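Below is the file my_file-v8.cif, which contains mmCIF, C-alpha atoms.
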```
data_model
#
loop_
_atom_site.group_PDB
_atom_site.id
_atom_site.type_symbol
_atom_site.label_atom_id
_atom_site.label_comp_id
_atom_site.auth_asym_id
_atom_site.auth_seq_id
_atom_site.Cartn_x
_atom_site.Cartn_y
_atom_site.Cartn_z
ATOM 1 C CA MET A 149 88.726 105.150 88.021
ATOM 2 C CA LYS A 150 92.265 103.941 87.399
ATOM 3 C CA VAL A 151 93.644 104.397 83.895
ATOM 4 C CA TYR A 152 96.428 102.270 82.421
ATOM 5 C CA ILE A 153 99.146 104.258 80.641
ATOM 6 C CA ASN A 154 102.319 102.545 79.479
ATOM 7 C CA GLY A 155 102.496 99.926 82.180
ATOM 8 C CA ARG A 156 101.305 101.981 85.146
ATOM 9 C CA PHE A 157 97.943 102.854 86.653
ATOM 10 C CA TYR A 158 96.951 106.450 87.339
ATOM 11 C CA ARG A 159 93.953 107.963 89.041
ATOM 12 C CA GLU A 160 91.574 109.533 86.535
ATOM 13 C CA ALA A 161 92.585 113.105 87.438
ATOM 14 C CA GLU A 162 96.252 112.234 87.007
ATOM 15 C CA ALA A 163 95.968 110.243 83.762
ATOM 16 C CA LYS A 164 97.792 112.368 81.182
ATOM 17 C CA ILE A 165 99.697 112.083 77.919
ATOM 18 C CA SER A 166 102.144 114.520 76.336
ATOM 19 C CA VAL A 167 100.814 117.340 74.165
ATOM 20 C CA PHE A 168 103.477 116.202 71.683
ATOM 21 C CA ASP A 169 101.944 112.745 71.316
ATOM 22 C CA HIS A 170 101.066 112.238 67.642
ATOM 23 C CA GLY A 171 97.820 110.583 68.637
ATOM 24 C CA LEU A 172 96.697 114.005 69.831
ATOM 25 C CA LEU A 173 98.470 116.116 67.224
ATOM 26 C CA TYR A 174 97.517 114.107 64.144
ATOM 27 C CA GLY A 175 95.110 111.326 65.123
ATOM 28 C CA ASP A 176 98.007 108.948 64.477
ATOM 29 C CA GLY A 177 97.093 105.756 66.269
ATOM 30 C CA VAL A 178 94.574 102.942 66.532
ATOM 31 C CA PHE A 179 91.944 101.872 69.037
ATOM 32 C CA GLU A 180 89.394 99.268 70.029
ATOM 33 C CA GLY A 181 86.162 99.478 71.980
ATOM 34 C CA ILE A 182 85.517 96.282 73.961
ATOM 35 C CA ARG A 183 82.696 95.130 76.226
ATOM 36 C CA ALA A 184 82.695 93.190 79.480
ATOM 37 C CA TYR A 185 79.651 91.211 80.553
ATOM 38 C CA ASN A 186 79.102 89.243 83.733
ATOM 39 C CA GLY A 187 82.785 89.204 84.676
ATOM 40 C CA ARG A 188 84.051 88.291 81.205
ATOM 41 C CA VAL A 189 85.570 90.348 78.389
ATOM 42 C CA PHE A 190 83.603 89.526 75.256
ATOM 43 C CA GLN A 191 85.518 88.645 72.061
ATOM 44 C CA LEU A 192 88.760 89.896 73.584
ATOM 45 C CA LYS A 193 91.080 87.920 71.291
ATOM 46 C CA GLU A 194 89.213 89.179 68.238
ATOM 47 C CA HIS A 195 89.541 92.784 69.385
ATOM 48 C CA ILE A 196 93.241 92.392 70.167
ATOM 49 C CA ASP A 197 93.830 90.777 66.772
ATOM 50 C CA ARG A 198 92.059 93.642 64.998
ATOM 51 C CA LEU A 199 94.035 96.222 66.979
ATOM 52 C CA TYR A 200 97.317 94.704 65.854
ATOM 53 C CA ALA A 201 96.053 94.414 62.272
ATOM 54 C CA SER A 202 95.167 98.123 62.256
ATOM 55 C CA ALA A 203 98.580 98.956 63.716
ATOM 56 C CA ARG A 204 100.325 96.834 61.090
ATOM 57 C CA ALA A 205 98.457 98.663 58.333
ATOM 58 C CA ILE A 206 99.828 102.047 59.463
ATOM 59 C CA LEU A 207 103.319 100.753 60.339
ATOM 60 C CA LEU A 208 102.752 101.404 64.032
ATOM 61 C CA SER A 209 104.861 99.252 66.323
ATOM 62 C CA VAL A 210 102.815 98.264 69.365
ATOM 63 C CA PRO A 211 105.239 98.292 72.337
ATOM 64 C CA MET A 212 103.946 95.069 73.890
ATOM 65 C CA THR A 213 102.944 91.594 72.784
ATOM 66 C CA PRO A 214 99.316 90.581 72.201
ATOM 67 C CA GLN A 215 99.546 88.348 75.280
ATOM 68 C CA ALA A 216 100.778 91.236 77.442
ATOM 69 C CA MET A 217 98.074 93.485 75.981
ATOM 70 C CA THR A 218 95.434 90.923 76.845
ATOM 71 C CA GLU A 219 96.600 90.742 80.453
ATOM 72 C CA ALA A 220 96.780 94.558 80.666
ATOM 73 C CA VAL A 221 93.130 94.792 79.581
ATOM 74 C CA LEU A 222 92.057 92.223 82.173
ATOM 75 C CA GLU A 223 94.108 93.866 84.918
ATOM 76 C CA THR A 224 92.599 97.278 84.103
ATOM 77 C CA CYS A 225 89.167 95.716 84.578
ATOM 78 C CA ARG A 226 90.284 94.258 87.905
ATOM 79 C CA GLN A 227 91.719 97.566 89.091
ATOM 80 C CA ASN A 228 88.340 99.175 88.392
ATOM 81 C CA ARG A 229 86.256 96.250 89.729
ATOM 82 C CA VAL A 230 84.524 95.928 86.379
ATOM 83 C CA ARG A 231 82.084 93.093 85.762
ATOM 84 C CA ASP A 232 79.883 94.810 83.195
ATOM 85 C CA GLY A 233 81.406 97.714 81.336
ATOM 86 C CA TYR A 234 83.159 99.209 78.351
ATOM 87 C CA ILE A 235 86.906 99.167 77.694
ATOM 88 C CA ARG A 236 88.660 101.656 75.429
ATOM 89 C CA LEU A 237 92.066 100.424 74.270
ATOM 90 C CA VAL A 238 94.230 103.031 72.522
ATOM 91 C CA VAL A 239 97.691 102.802 70.957
ATOM 92 C CA THR A 240 99.188 106.074 69.723
ATOM 93 C CA ARG A 241 102.322 106.744 67.697
ATOM 94 C CA GLY A 242 103.797 108.303 70.827
ATOM 95 C CA VAL A 243 105.695 111.465 71.635
ATOM 96 C CA GLY A 244 107.362 113.171 68.672
ATOM 97 C CA THR A 245 108.013 116.536 67.122
ATOM 98 C CA LEU A 246 105.538 119.059 65.703
ATOM 99 C CA GLY A 247 106.275 117.703 62.233
ATOM 100 C CA LEU A 248 104.377 114.895 60.534
ATOM 101 C CA ASN A 249 107.296 112.458 60.403
ATOM 102 C CA PRO A 250 106.151 109.422 62.448
ATOM 103 C CA TYR A 251 109.698 108.083 62.680
ATOM 104 C CA ASN A 252 110.508 110.891 65.087
ATOM 105 C CA CYS A 253 108.219 109.139 67.581
ATOM 106 C CA LYS A 254 110.491 106.747 69.432
ATOM 107 C CA ARG A 255 107.895 104.588 71.177
ATOM 108 C CA GLY A 256 104.146 104.146 70.997
ATOM 109 C CA SER A 257 101.867 104.830 73.944
ATOM 110 C CA VAL A 258 99.273 102.372 75.273
ATOM 111 C CA ILE A 259 96.199 103.652 77.124
ATOM 112 C CA ILE A 260 93.426 101.475 78.572
ATOM 113 C CA ILE A 261 90.253 102.883 80.121
ATOM 114 C CA ALA A 262 87.645 100.634 81.749
ATOM 115 C CA GLY A 263 84.334 102.269 82.566
ATOM 116 C CA LYS A 264 80.711 102.437 81.441
ATOM 117 C CA ILE A 265 78.954 103.393 78.241
ATOM 118 C CA GLN A 266 75.315 103.984 77.270
ATOM 119 C CA LEU A 267 75.304 104.654 73.539
ATOM 120 C CA TYR A 268 71.544 104.802 73.010
ATOM 121 C CA PRO A 269 68.629 105.215 75.431
ATOM 122 C CA GLN A 270 66.740 102.001 76.221
ATOM 123 C CA GLU A 271 63.659 103.200 74.357
ATOM 124 C CA PHE A 272 65.511 102.934 71.035
ATOM 125 C CA TYR A 273 66.090 99.214 71.635
ATOM 126 C CA GLU A 274 62.389 98.770 72.319
ATOM 127 C CA LYS A 275 60.915 101.086 69.664
ATOM 128 C CA GLY A 276 63.720 101.488 67.119
ATOM 129 C CA LEU A 277 65.811 104.290 65.665
ATOM 130 C CA SER A 278 64.985 106.824 62.988
ATOM 131 C CA ILE A 279 68.071 107.525 60.874
ATOM 132 C CA ILE A 280 69.005 109.459 57.744
ATOM 133 C CA THR A 281 71.473 109.310 54.861
ATOM 134 C CA VAL A 282 74.000 112.150 55.009
ATOM 135 C CA PRO A 283 76.098 113.909 52.340
ATOM 136 C CA THR A 284 79.470 113.016 53.886
ATOM 137 C CA THR A 285 80.715 109.882 52.146
ATOM 138 C CA ARG A 286 82.821 107.073 53.552
ATOM 139 C CA ASN A 287 86.584 107.433 53.101
ATOM 140 C CA LEU A 288 88.097 105.839 50.014
ATOM 141 C CA HIS A 289 90.117 102.647 50.423
ATOM 142 C CA ASN A 290 93.146 104.362 48.884
ATOM 143 C CA ALA A 291 92.837 107.325 51.270
ATOM 144 C CA VAL A 292 92.245 106.460 54.941
ATOM 145 C CA ASN A 293 91.158 102.859 54.532
ATOM 146 C CA PRO A 294 87.918 102.245 56.482
ATOM 147 C CA ALA A 295 89.283 98.848 57.547
ATOM 148 C CA ILE A 296 91.788 100.633 59.793
ATOM 149 C CA LYS A 297 90.216 101.482 63.150
ATOM 150 C CA SER A 298 92.322 104.587 63.563
ATOM 151 C CA LEU A 299 92.155 107.562 65.903
ATOM 152 C CA ASN A 300 91.334 109.712 62.878
ATOM 153 C CA TYR A 301 87.532 109.501 63.103
ATOM 154 C CA LEU A 302 86.789 112.866 61.540
ATOM 155 C CA ASN A 303 85.026 111.238 58.589
ATOM 156 C CA SER A 304 82.493 109.662 60.938
ATOM 157 C CA ILE A 305 82.292 112.726 63.189
ATOM 158 C CA LEU A 306 81.309 114.966 60.261
ATOM 159 C CA ALA A 307 78.549 112.524 59.330
ATOM 160 C CA LYS A 308 77.452 112.330 62.962
ATOM 161 C CA ILE A 309 77.167 116.131 63.104
ATOM 162 C CA GLU A 310 74.913 116.069 60.043
ATOM 163 C CA ALA A 311 72.696 113.441 61.670
ATOM 164 C CA LEU A 312 72.461 115.284 64.990
ATOM 165 C CA ASN A 313 71.696 118.574 63.240
ATOM 166 C CA ALA A 314 68.811 116.799 61.512
ATOM 167 C CA GLY A 315 67.494 115.498 64.825
ATOM 168 C CA CYS A 316 68.682 111.901 64.374
ATOM 169 C CA GLU A 317 71.033 109.798 66.485
ATOM 170 C CA GLU A 318 72.716 107.995 63.604
ATOM 171 C CA ALA A 319 73.476 108.374 59.912
ATOM 172 C CA VAL A 320 73.854 106.086 56.914
ATOM 173 C CA MET A 321 77.089 106.754 55.035
ATOM 174 C CA LEU A 322 77.396 105.927 51.348
ATOM 175 C CA ASN A 323 80.650 105.347 49.512
ATOM 176 C CA ALA A 324 81.844 107.319 46.497
ATOM 177 C CA GLU A 325 79.876 105.001 44.181
ATOM 178 C CA GLY A 326 76.616 105.563 46.033
ATOM 179 C CA TYR A 327 76.486 102.173 47.730
ATOM 180 C CA VAL A 328 75.741 101.827 51.447
ATOM 181 C CA ALA A 329 78.941 101.478 53.503
ATOM 182 C CA GLU A 330 77.896 101.635 57.157
ATOM 183 C CA CYS A 331 76.755 104.121 59.772
ATOM 184 C CA THR A 332 79.040 106.519 61.633
ATOM 185 C CA GLY A 333 79.948 103.974 64.302
ATOM 186 C CA ASP A 334 77.916 100.865 63.527
ATOM 187 C CA ASN A 335 77.506 98.258 60.814
ATOM 188 C CA LEU A 336 74.120 98.060 59.107
ATOM 189 C CA PHE A 337 71.930 95.043 58.316
ATOM 190 C CA VAL A 338 68.647 94.636 56.483
ATOM 191 C CA VAL A 339 66.287 91.672 56.330
ATOM 192 C CA ARG A 340 64.566 91.123 53.015
ATOM 193 C CA ASP A 341 62.560 88.095 51.882
ATOM 194 C CA GLY A 342 63.945 86.055 54.748
ATOM 195 C CA GLU A 343 67.588 86.852 53.977
ATOM 196 C CA LEU A 344 69.959 88.816 56.197
ATOM 197 C CA GLN A 345 72.021 91.281 54.142
ATOM 198 C CA THR A 346 74.874 93.594 55.097
ATOM 199 C CA PRO A 347 77.228 95.692 52.936
ATOM 200 C CA PRO A 348 80.488 94.001 51.950
ATOM 201 C CA LEU A 349 83.797 95.157 53.390
ATOM 202 C CA SER A 350 84.720 96.350 49.901
ATOM 203 C CA ALA A 351 81.938 98.964 50.134
ATOM 204 C CA GLY A 352 83.707 100.632 53.060
ATOM 205 C CA ALA A 353 82.239 98.712 55.982
ATOM 206 C CA LEU A 354 84.418 98.063 59.000
ATOM 207 C CA ARG A 355 85.215 94.411 59.697
ATOM 208 C CA GLY A 356 82.914 94.655 62.695
ATOM 209 C CA ILE A 357 83.281 92.063 65.420
ATOM 210 C CA THR A 358 79.618 92.304 66.420
ATOM 211 C CA ARG A 359 78.815 92.169 62.692
ATOM 212 C CA ARG A 360 80.576 88.808 62.411
ATOM 213 C CA VAL A 361 78.970 87.451 65.593
ATOM 214 C CA VAL A 362 75.500 88.368 64.309
ATOM 215 C CA MET A 363 76.196 86.709 60.953
ATOM 216 C CA ASP A 364 77.297 83.543 62.760
ATOM 217 C CA LEU A 365 74.213 83.572 64.987
ATOM 218 C CA ALA A 366 71.952 84.004 61.958
ATOM 219 C CA ARG A 367 73.556 81.084 60.123
ATOM 220 C CA GLU A 368 73.162 78.902 63.219
ATOM 221 C CA GLN A 369 69.434 79.656 63.011
ATOM 222 C CA GLY A 370 69.394 78.460 59.412
ATOM 223 C CA TRP A 371 68.867 81.934 57.947
ATOM 224 C CA ARG A 372 70.493 82.950 54.688
ATOM 225 C CA VAL A 373 73.203 85.618 55.037
ATOM 226 C CA SER A 374 74.721 87.590 52.161
ATOM 227 C CA GLU A 375 76.939 90.640 51.594
ATOM 228 C CA PRO A 376 75.661 92.364 48.441
ATOM 229 C CA ASN A 377 76.172 95.978 47.464
ATOM 230 C CA LEU A 378 73.148 97.843 48.818
ATOM 231 C CA THR A 379 71.618 101.139 47.698
ATOM 232 C CA ARG A 380 69.220 103.426 49.534
ATOM 233 C CA TYR A 381 66.424 101.756 47.534
ATOM 234 C CA ASP A 382 67.304 98.451 49.195
ATOM 235 C CA LEU A 383 67.138 100.068 52.630
ATOM 236 C CA PHE A 384 63.790 101.710 51.962
ATOM 237 C CA ASN A 385 62.251 98.409 50.826
ATOM 238 C CA ALA A 386 63.675 96.209 53.569
ATOM 239 C CA ASP A 387 61.399 94.193 55.829
ATOM 240 C CA GLU A 388 63.643 94.960 58.800
ATOM 241 C CA CYS A 389 66.778 96.954 59.534
ATOM 242 C CA PHE A 390 69.165 97.074 62.482
ATOM 243 C CA LEU A 391 72.621 98.306 63.441
ATOM 244 C CA THR A 392 75.406 96.418 65.174
ATOM 245 C CA GLY A 393 78.459 97.513 67.121
ATOM 246 C CA THR A 394 80.366 96.736 70.284
ATOM 247 C CA ALA A 395 78.923 99.731 72.122
ATOM 248 C CA ALA A 396 75.520 99.673 70.401
ATOM 249 C CA GLU A 397 75.138 95.862 70.464
ATOM 250 C CA ILE A 398 72.048 95.356 68.246
ATOM 251 C CA VAL A 399 69.668 98.289 67.852
ATOM 252 C CA PRO A 400 66.589 98.228 65.560
ATOM 253 C CA VAL A 401 65.946 100.847 62.878
ATOM 254 C CA VAL A 402 62.323 101.643 61.983
ATOM 255 C CA LYS A 403 62.649 104.685 59.718
ATOM 256 C CA ILE A 404 65.247 105.789 57.140
ATOM 257 C CA ASP A 405 65.037 109.147 55.357
ATOM 258 C CA GLY A 406 61.379 109.402 56.313
ATOM 259 C CA ARG A 407 60.515 105.955 54.926
ATOM 260 C CA VAL A 408 58.986 103.549 57.432
ATOM 261 C CA ILE A 409 60.789 100.203 57.462
ATOM 262 C CA GLY A 410 58.483 97.184 57.541
ATOM 263 C CA ASN A 411 55.597 97.848 59.911
ATOM 264 C CA GLY A 412 57.471 100.561 61.791
ATOM 265 C CA ARG A 413 58.391 98.322 64.715
ATOM 266 C CA PRO A 414 61.416 96.117 65.471
ATOM 267 C CA GLY A 415 60.920 92.957 63.427
ATOM 268 C CA PRO A 416 60.971 89.304 64.524
ATOM 269 C CA VAL A 417 64.425 88.543 63.084
ATOM 270 C CA THR A 418 65.916 91.591 64.796
ATOM 271 C CA ARG A 419 64.291 90.743 68.117
ATOM 272 C CA ARG A 420 65.433 87.109 67.927
ATOM 273 C CA LEU A 421 69.018 88.145 67.164
ATOM 274 C CA MET A 422 68.939 90.562 70.103
ATOM 275 C CA GLU A 423 67.907 87.678 72.381
ATOM 276 C CA LEU A 424 70.601 85.365 71.025
ATOM 277 C CA TYR A 425 73.272 88.028 71.307
ATOM 278 C CA ARG A 426 72.387 88.845 74.908
ATOM 279 C CA ALA A 427 72.451 85.159 75.807
ATOM 280 C CA LEU A 428 75.877 84.749 74.203
ATOM 281 C CA THR A 429 77.370 87.743 76.001
ATOM 282 C CA ARG A 430 76.191 86.460 79.383
ATOM 283 C CA ASN A 431 78.205 83.259 79.126
ATOM 284 C CA SER A 432 81.076 83.936 76.738
ATOM 285 C CA GLY A 433 84.401 85.709 77.018
ATOM 286 C CA GLU A 434 87.752 85.880 78.769
ATOM 287 C CA PRO A 435 87.290 85.695 82.571
ATOM 288 C CA ILE A 436 88.397 88.835 84.403
ATOM 289 C CA TYR A 437 88.371 87.079 87.762
ATOM 290 C CA PRO A 438 89.362 83.427 87.150
ATOM 291 C CA GLY A 439 87.589 81.076 89.492
ATOM 292 C CA ARG A 440 84.869 83.604 90.328
ATOM 293 C CA VAL A 441 82.813 83.612 87.117
#
```
Rewrite the structure of this file - the entire thing - as structure tokens.
Amino acid sequence: MKVYINGRFYREAEAKISVFDHGLLYGDGVFEGIRAYNGRVFQLKEHIDRLYASARAILLSVPMTPQAMTEAVLETCRQNRVRDGYIRLVVTRGVGTLGLNPYNCKRGSVIIIAGKIQLYPQEFYEKGLSIITVPTTRNLHNAVNPAIKSLNYLNSILAKIEALNAGCEEAVMLNAEGYVAECTGDNLFVVRDGELQTPPLSAGALRGITRRVVMDLAREQGWRVSEPNLTRYDLFNADECFLTGTAAEIVPVVKIDGRVIGNGRPGPVTRRLMELYRALTRNSGEPIYPGRV
């Protein structure tokens, strides 16, 4: 593997950043997880746009233009001969002092890793996940705003620990008002009475790119889509439930807090959306190898 760091490529064993980088010291930075399918990077512009929006929100100056960042992502894929894979794009505050002051960091660092990811075993896509609600709540908007895809993921990690300790792969996180926000790394959808529902961004849900794609696909099928505040009651009484995310794609959920969802199997709406999403990823995206796709 060759890793991109600040304009140069390094072999995996030689890819290093300073111990004084504030991304390491304080989680001060932003990131994106991106997928490549069939020689194309899926939704690349949307991911780049969200990266720069997150950076703007924390007053982080990204040391390259969006166009240069786009080309760096594609070149990292080429260097690693990626056709189907996962790309982690990271921008940190950069090297600074041991103090908190971000203005002591003179220049941000850009890291791009292109490899593979397998978030869930295949059986979960066929049979569905069993998940639980956990005590750790989603960050408040006036604390670490959930809309910022920052390197500070401790909120989600604590919830993930609670899920794993309970024998589950994923957890539902509520906000301070008790409404469903999202899962630790995925957006959440339910199907009820023929309508696709997902928590609003105001509840603490990330502006998920896969979330938006799924909503668009559902509307193209003529299905109703809404973003109401949801409670655990709404989850328990859903006809279907599934999670979405760049790494996860679309994964069905068949049990929440011990309650069986629907008939306990991935539902027809979920399965149809999985088919549509897979078809879209096969033929959509920014070509890594122009002329060869």
Handout entry: Test item: which residues lie within 6 Å of (92.7, 97.1, 77.7) counting all atoms listed in the file, as a ChimeraX atom specification
Key = /A:220-221,237,260
Could you put an axis-aligned box around every listed atom of segment 420-434 of chain A, padded by 8 Å on each side, and send me its centre and edge lengths in Å to one decimal, as JSON?
```
{"center_x": 76.6, "center_y": 86.9, "center_z": 73.3, "size_x": 38.3, "size_y": 23.3, "size_z": 28.2}
```
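What separates atom CA of Leu208 of chain A from atom CA of Asn249 of chain A is a distance of 12.5 Å.
Across the model, the gap from atom CA of Lys403 of chain A to atom CA of Cys316 of chain A is 10.5 Å.
Atom CA of Lys254 of chain A is found 25.2 Å from atom CA of His195 of chain A.
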Problem - Surrounding residues of Asn154 of chain A excluding itself and chain neighbours under 3 positions, 7 Å, all atoms listed in the file, as a PyMOL selection string - result: chain A and resi 257-259
Please save C-alpha atoms of the selected residues as a PDB file, in the coordinates of the input.
```pdb
ATOM      1  CA  SER A 257     101.867 104.830  73.944  1.00  0.00           C
ATOM      2  CA  VAL A 258      99.273 102.372  75.273  1.00  0.00           C
ATOM      3  CA  ILE A 259      96.199 103.652  77.124  1.00  0.00           C
TER       4      ILE A 259
END
```
Practice task
Check the smallest atom-to-atom distance from each of A:Glu223, A:Asp197, A:Asp232, A:Glu318 to Val151 of chain A using all atoms listed in the file, then report the winner.
Solution key: A:Glu223
Determine, counting all atoms listed in the file, which protein, DNA and RNA residues have an atom within 8 Å of an atom of Thr281 of chain A; residues of the same chain fewer than 4 positions away are not included. Present the result as a short mmCIF file (atom, residue, chain, number, x, y, z; two decimals) with C-alpha atoms, in the frame of the given file.
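What follows is the written file out.cif:
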```
data_model
loop_
_atom_site.label_atom_id
_atom_site.label_comp_id
_atom_site.auth_asym_id
_atom_site.auth_seq_id
_atom_site.Cartn_x
_atom_site.Cartn_y
_atom_site.Cartn_z
CA ALA A 319 73.48 108.37 59.91
CA VAL A 320 73.85 106.09 56.91
CA MET A 321 77.09 106.75 55.04
CA LEU A 322 77.40 105.93 51.35
CA ILE A 404 65.25 105.79 57.14
CA ASP A 405 65.04 109.15 55.36
#
```
Distance table requested - segment 391-431 of chain A against segment 271-277 of chain A, cut-off 8 Å, only C-alpha atoms: one row per qualifying residue with the closest atom pair and its distance in Å to one decimal, ordered by chain and rising residue number, as a Markdown table.
```
| residue | atom | partner | partner_atom | distance |
| --- | --- | --- | --- | --- |
| A:Ile398 | CA | A:Tyr273 | CA | 7.9 |
| A:Val399 | CA | A:Tyr273 | CA | 5.3 |
| A:Pro400 | CA | A:Gly276 | CA | 4.6 |
| A:Val401 | CA | A:Leu277 | CA | 4.4 |
| A:Val402 | CA | A:Gly276 | CA | 5.3 |
| A:Lys403 | CA | A:Leu277 | CA | 6.7 |
| A:Arg413 | CA | A:Lys275 | CA | 6.2 |
| A:Pro414 | CA | A:Gly276 | CA | 6.1 |
```
Exercise for the section: Name the residues that the PyMOL selection byres ((chain A and resi 282-299) around 8) picks from the file above, as a PyMOL selection string, using the file's chain letters and numbers. Expected result: chain A and resi 171+175-180+199+201-202+205+280-281+300-301+303-304+306-307+310-311+319-324+329+349+352-355
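Under the PyMOL selection byres ((chain A and resi 264) around 6), the matching residues in the shown file are Gly233, Tyr234, Gly263 and Ile265 of chain A.
Ranking A:Gln191, A:Met149, A:Leu383, A:Asp169 by their shortest atom-to-atom distance to Asn252 of chain A, with all atoms listed in the file included, puts A:Asp169 first.
Restricting the calculation to all atoms listed in the file, the smallest distance between Glu325 of chain A and any of A:Met363, A:Arg159, A:Glu388, A:Asn377 is found for A:Asn377.
Using the PyMOL selection byres ((chain A and resi 166) around 12) on the file at hand returns these residues: Ile153, Ala163, Lys164, Ile165, Val167, Phe168, Asp169, His170, Gly171, Leu172, Leu173, Thr240, Arg241, Gly242, Val243, Gly244, Thr245, Cys253, Gly256 and Ser257 of chain A.
Compared by their closest atoms to Val328 of chain A, and using all atoms listed in the file, the residues A:Leu344, A:Leu378, A:Ala427, A:Ala314 rank with A:Leu378 nearest.
For the choices A:Gly433, A:Val408, A:Leu336, A:Gly439, the atom-to-atom distance to Lys193 of chain A is smallest for A:Gly433 when using only C-alpha atoms.
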